[in-house]
Structures are given as structure tokens and as C-alpha cells.
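File shown: work_7.cif. Contents: mmCIF, C-alpha atoms.
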```cif
data_query
#
loop_
_atom_site.group_PDB
_atom_site.id
_atom_site.type_symbol
_atom_site.label_atom_id
_atom_site.label_comp_id
_atom_site.auth_asym_id
_atom_site.auth_seq_id
_atom_site.Cartn_x
_atom_site.Cartn_y
_atom_site.Cartn_z
ATOM 1 C CA MET Q 1123 0.000 0.000 0.000
ATOM 2 C CA LYS Q 1124 1.264 3.458 -0.921
ATOM 3 C CA GLU Q 1125 1.921 5.612 2.123
ATOM 4 C CA PHE Q 1126 0.378 9.082 2.069
ATOM 5 C CA LYS Q 1127 2.677 11.881 3.145
ATOM 6 C CA SER Q 1128 1.314 13.844 6.102
ATOM 7 C CA LEU Q 1129 1.811 17.614 5.684
ATOM 8 C CA SER Q 1130 1.515 20.579 8.017
ATOM 9 C CA GLU Q 1131 -0.236 23.737 6.827
ATOM 10 C CA GLN Q 1132 3.054 25.501 6.087
ATOM 11 C CA GLU Q 1133 4.459 22.519 4.166
ATOM 12 C CA LEU Q 1134 1.247 22.255 2.181
ATOM 13 C CA MET Q 1135 1.104 25.975 1.339
ATOM 14 C CA ASN Q 1136 4.763 25.869 0.225
ATOM 15 C CA ALA Q 1137 4.129 22.804 -1.953
ATOM 16 C CA LEU Q 1138 1.120 24.495 -3.562
ATOM 17 C CA ILE Q 1139 2.975 27.654 -4.579
ATOM 18 C CA GLN Q 1140 6.096 25.948 -5.959
ATOM 19 C CA SER Q 1141 5.854 24.404 -9.385
ATOM 20 C CA GLY Q 1142 7.081 20.855 -9.611
ATOM 21 C CA GLU Q 1143 5.447 17.466 -9.652
ATOM 22 C CA PRO Q 1144 1.650 17.252 -9.567
ATOM 23 C CA LEU Q 1145 0.290 17.062 -6.037
ATOM 24 C CA VAL Q 1146 -2.809 15.347 -4.624
ATOM 25 C CA VAL Q 1147 -3.869 16.188 -1.068
ATOM 26 C CA PHE Q 1148 -6.595 14.275 0.747
ATOM 27 C CA LEU Q 1149 -8.327 16.583 3.229
ATOM 28 C CA HIS Q 1150 -10.219 14.977 6.103
ATOM 29 C CA THR Q 1151 -11.157 15.145 9.768
ATOM 30 C CA PRO Q 1152 -10.330 12.330 12.193
ATOM 31 C CA LEU Q 1153 -13.910 11.455 13.185
ATOM 32 C CA CYS Q 1154 -15.477 11.623 9.710
ATOM 33 C CA GLY Q 1155 -16.831 8.240 8.600
ATOM 34 C CA THR Q 1156 -17.231 9.365 4.992
ATOM 35 C CA CYS Q 1157 -13.599 10.491 5.074
ATOM 36 C CA LYS Q 1158 -12.512 7.000 6.094
ATOM 37 C CA ALA Q 1159 -14.410 5.476 3.148
ATOM 38 C CA ALA Q 1160 -12.988 8.071 0.731
ATOM 39 C CA ARG Q 1161 -9.460 7.457 2.035
ATOM 40 C CA ARG Q 1162 -9.863 3.754 1.352
ATOM 41 C CA MET Q 1163 -10.991 4.560 -2.218
ATOM 42 C CA LEU Q 1164 -7.912 6.772 -2.633
ATOM 43 C CA GLU Q 1165 -5.691 3.941 -1.369
ATOM 44 C CA VAL Q 1166 -7.126 1.668 -4.073
ATOM 45 C CA ALA Q 1167 -6.828 4.415 -6.714
ATOM 46 C CA SER Q 1168 -3.218 5.138 -5.744
ATOM 47 C CA HIS Q 1169 -2.188 1.691 -7.036
ATOM 48 C CA LEU Q 1170 -3.355 2.724 -10.503
ATOM 49 C CA LEU Q 1171 -1.598 6.100 -10.516
ATOM 50 C CA PRO Q 1172 2.054 6.793 -11.378
ATOM 51 C CA ALA Q 1173 4.389 5.846 -8.525
ATOM 52 C CA GLU Q 1174 6.045 9.269 -8.586
ATOM 53 C CA LEU Q 1175 2.754 11.124 -8.000
ATOM 54 C CA VAL Q 1176 2.867 12.668 -4.525
ATOM 55 C CA ILE Q 1177 -0.254 11.929 -2.503
ATOM 56 C CA ALA Q 1178 -0.463 13.716 0.811
ATOM 57 C CA GLU Q 1179 -3.085 13.959 3.519
ATOM 58 C CA ALA Q 1180 -3.959 16.605 6.056
ATOM 59 C CA ASN Q 1181 -6.414 17.103 8.880
ATOM 60 C CA ILE Q 1182 -8.534 20.084 7.803
ATOM 61 C CA ASN Q 1183 -8.928 21.137 11.457
ATOM 62 C CA MET Q 1184 -5.237 22.063 11.449
ATOM 63 C CA LEU Q 1185 -5.394 24.117 8.234
ATOM 64 C CA PRO Q 1186 -7.332 27.341 8.920
ATOM 65 C CA GLY Q 1187 -5.329 29.367 6.405
ATOM 66 C CA LEU Q 1188 -5.775 26.807 3.645
ATOM 67 C CA VAL Q 1189 -9.513 26.497 4.344
ATOM 68 C CA SER Q 1190 -9.868 30.251 4.056
ATOM 69 C CA ARG Q 1191 -7.668 30.702 0.991
ATOM 70 C CA PHE Q 1192 -9.206 27.916 -1.082
ATOM 71 C CA ARG Q 1193 -12.699 28.151 0.448
ATOM 72 C CA ILE Q 1194 -12.829 24.466 1.417
ATOM 73 C CA SER Q 1195 -16.501 23.827 2.121
ATOM 74 C CA SER Q 1196 -16.588 20.218 3.312
ATOM 75 C CA VAL Q 1197 -14.662 17.017 3.814
ATOM 76 C CA PRO Q 1198 -13.647 14.649 2.462
ATOM 77 C CA ALA Q 1199 -12.015 16.646 -0.291
ATOM 78 C CA LEU Q 1200 -9.207 16.138 -2.754
ATOM 79 C CA LEU Q 1201 -7.121 19.165 -3.549
ATOM 80 C CA VAL Q 1202 -5.246 18.498 -6.796
ATOM 81 C CA ALA Q 1203 -2.550 20.761 -8.209
ATOM 82 C CA SER Q 1204 -1.026 20.344 -11.643
ATOM 83 C CA ALA Q 1205 2.745 20.468 -12.127
ATOM 84 C CA ASP Q 1206 2.805 24.049 -13.426
ATOM 85 C CA ARG Q 1207 0.641 25.476 -10.579
ATOM 86 C CA ILE Q 1208 -0.510 28.359 -12.834
ATOM 87 C CA ALA Q 1209 -4.018 28.290 -11.437
ATOM 88 C CA ASP Q 1210 -5.250 27.536 -7.958
ATOM 89 C CA PRO Q 1211 -5.570 23.831 -7.260
ATOM 90 C CA GLU Q 1212 -8.844 22.158 -8.137
ATOM 91 C CA ILE Q 1213 -10.967 20.718 -5.348
ATOM 92 C CA PHE Q 1214 -12.974 17.530 -5.739
ATOM 93 C CA TYR Q 1215 -15.704 16.753 -3.217
ATOM 94 C CA SER Q 1216 -17.777 14.026 -4.857
ATOM 95 C CA MET Q 1217 -15.994 10.737 -4.213
ATOM 96 C CA GLY Q 1218 -18.629 8.260 -5.245
ATOM 97 C CA SER Q 1219 -16.264 5.670 -6.704
ATOM 98 C CA VAL Q 1220 -12.641 4.796 -7.303
ATOM 99 C CA GLU Q 1221 -13.199 5.304 -11.045
ATOM 100 C CA ARG Q 1222 -14.463 8.884 -10.602
ATOM 101 C CA MET Q 1223 -11.579 9.670 -8.285
ATOM 102 C CA LEU Q 1224 -9.054 8.267 -10.789
ATOM 103 C CA GLU Q 1225 -10.673 10.158 -13.663
ATOM 104 C CA TYR Q 1226 -10.478 13.420 -11.755
ATOM 105 C CA ILE Q 1227 -6.858 12.993 -10.627
ATOM 106 C CA ARG Q 1228 -5.697 11.941 -14.075
ATOM 107 C CA ARG Q 1229 -7.475 14.871 -15.754
ATOM 108 C CA VAL Q 1230 -5.868 17.478 -13.503
ATOM 109 C CA THR Q 1231 -2.388 15.959 -13.274
ATOM 110 C CA SER Q 1232 -1.856 15.049 -16.926
#
```
How does the structure come out when it is put into C-alpha cells?
Amino acid sequence: MKEFKSLSEQELMNALIQSGEPLVVFLHTPLCGTCKAARRMLEVASHLLPAELVIAEANINMLPGLVSRFRISSVPALLVASADRIADPEIFYSMGSVERMLEYIRRVTS
């Protein structure tokens, strides 16, 4: 199983403003049951994504600046930034299936 990198708010903000490899960040809260199901879907999806793709996770309760800047409205959420970082990262809230999650990540990161 691919390990998700845990990032602090400062590390995440720095990663989002520097161009480089595409970045996927799973945003959650510890007691969210839907978040646990979505994380499991992301674990499955991660096996079908390029090994070099960085997948991180962060507890939204510890990210007040990020929530404000990107107007995060609910969890679970996937924040996906392309390699060039020209635009703000896209946010995906509807995680109904592994296929939809894969489709979304591939579209933004390719």
C-alpha cells in the first residue's frame, strides 16, 4: 500500500505555490466516517496512478489558512494541483467511486 505523506499547513502551502510534480492532497477530519471510506478509495486508486505522484493527507482542522484561501466547504475533499501550478488547485468533493476519483486525478495531473 502506498503511504500518504502527512503535511503541516506551512508545508502544504509551500508545496502548492512551488511548481514541480503534480500534487494530490486528501483533506479529512479524524472522526469523519465518509472520510474513512474516501481514504480507502484513494488507497485503491493510488495503485493505478504513477508511482512518482505525490499523494499527501492533512487534517482540515489544522489548516485554517488553507480552508480560508481555497474556500474548502466540506470534507472529504481532494485538492489536486497540476505540475505548473498556474491556477489555484482544483478541489474535488464528490468521491462516489474509485473510477471517478481516478478520472479526476488523471485529468488534472496530466
Using the chain letters and numbering of this document, enumerate as a count of residues only the residues selected by the PyMOL selection byres ((chain Q and resi 1211) around 12). 34
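In this comparison, which uses all atoms listed in the file, the residue of Q:Leu1164, Q:Glu1143, Q:His1150, Q:Glu1133 approaching Met1223 of chain Q most closely is Q:Leu1164.
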Can you tell me how far atom CA of Ala1167 of chain Q sits from atom CA of Cys1154 of chain Q, in Å to one decimal? 19.9 Å
For the structure shown, which residues end up in the PyMOL selection byres ((chain Q and resi 1157) around 12)? Put them as an mmCIF file with C-alpha atoms, in the frame of the given file, please?
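The resulting result-v2.cif:
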```cif
data_model
loop_
_atom_site.group_PDB
_atom_site.id
_atom_site.type_symbol
_atom_site.label_atom_id
_atom_site.label_comp_id
_atom_site.auth_asym_id
_atom_site.auth_seq_id
_atom_site.Cartn_x
_atom_site.Cartn_y
_atom_site.Cartn_z
ATOM 1 C CA PHE Q 1148 -6.595 14.275 0.747
ATOM 2 C CA LEU Q 1149 -8.327 16.583 3.229
ATOM 3 C CA HIS Q 1150 -10.219 14.977 6.103
ATOM 4 C CA THR Q 1151 -11.157 15.145 9.768
ATOM 5 C CA PRO Q 1152 -10.330 12.330 12.193
ATOM 6 C CA LEU Q 1153 -13.910 11.455 13.185
ATOM 7 C CA CYS Q 1154 -15.477 11.623 9.710
ATOM 8 C CA GLY Q 1155 -16.831 8.240 8.600
ATOM 9 C CA THR Q 1156 -17.231 9.365 4.992
ATOM 10 C CA LYS Q 1158 -12.512 7.000 6.094
ATOM 11 C CA ALA Q 1159 -14.410 5.476 3.148
ATOM 12 C CA ALA Q 1160 -12.988 8.071 0.731
ATOM 13 C CA ARG Q 1161 -9.460 7.457 2.035
ATOM 14 C CA ARG Q 1162 -9.863 3.754 1.352
ATOM 15 C CA MET Q 1163 -10.991 4.560 -2.218
ATOM 16 C CA LEU Q 1164 -7.912 6.772 -2.633
ATOM 17 C CA GLU Q 1179 -3.085 13.959 3.519
ATOM 18 C CA ALA Q 1180 -3.959 16.605 6.056
ATOM 19 C CA ASN Q 1181 -6.414 17.103 8.880
ATOM 20 C CA ILE Q 1182 -8.534 20.084 7.803
ATOM 21 C CA SER Q 1196 -16.588 20.218 3.312
ATOM 22 C CA VAL Q 1197 -14.662 17.017 3.814
ATOM 23 C CA PRO Q 1198 -13.647 14.649 2.462
ATOM 24 C CA ALA Q 1199 -12.015 16.646 -0.291
ATOM 25 C CA LEU Q 1200 -9.207 16.138 -2.754
ATOM 26 C CA TYR Q 1215 -15.704 16.753 -3.217
ATOM 27 C CA SER Q 1216 -17.777 14.026 -4.857
ATOM 28 C CA MET Q 1217 -15.994 10.737 -4.213
ATOM 29 C CA GLY Q 1218 -18.629 8.260 -5.245
#
```
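Take atom CA of Leu1170 of chain Q and atom CA of Phe1126 of chain Q: the distance between them is 14.6 Å.
Our summary of the geometry notes that atom CA of Ser1168 of chain Q is positioned 12.8 Å from atom CA of Arg1222 of chain Q.
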Select, from Q:Glu1131, Q:Glu1165, Q:Gly1142, Q:Glu1125, the residue with the minimum atom-to-atom distance to Val1220 of chain Q, counting all atoms listed in the file. Q:Glu1165
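Distances to Ser1232 of chain Q were evaluated for Q:Ser1190, Q:Ser1195, Q:Ile1177, Q:Pro1172 using only C-alpha atoms, and the minimum falls at Q:Pro1172.
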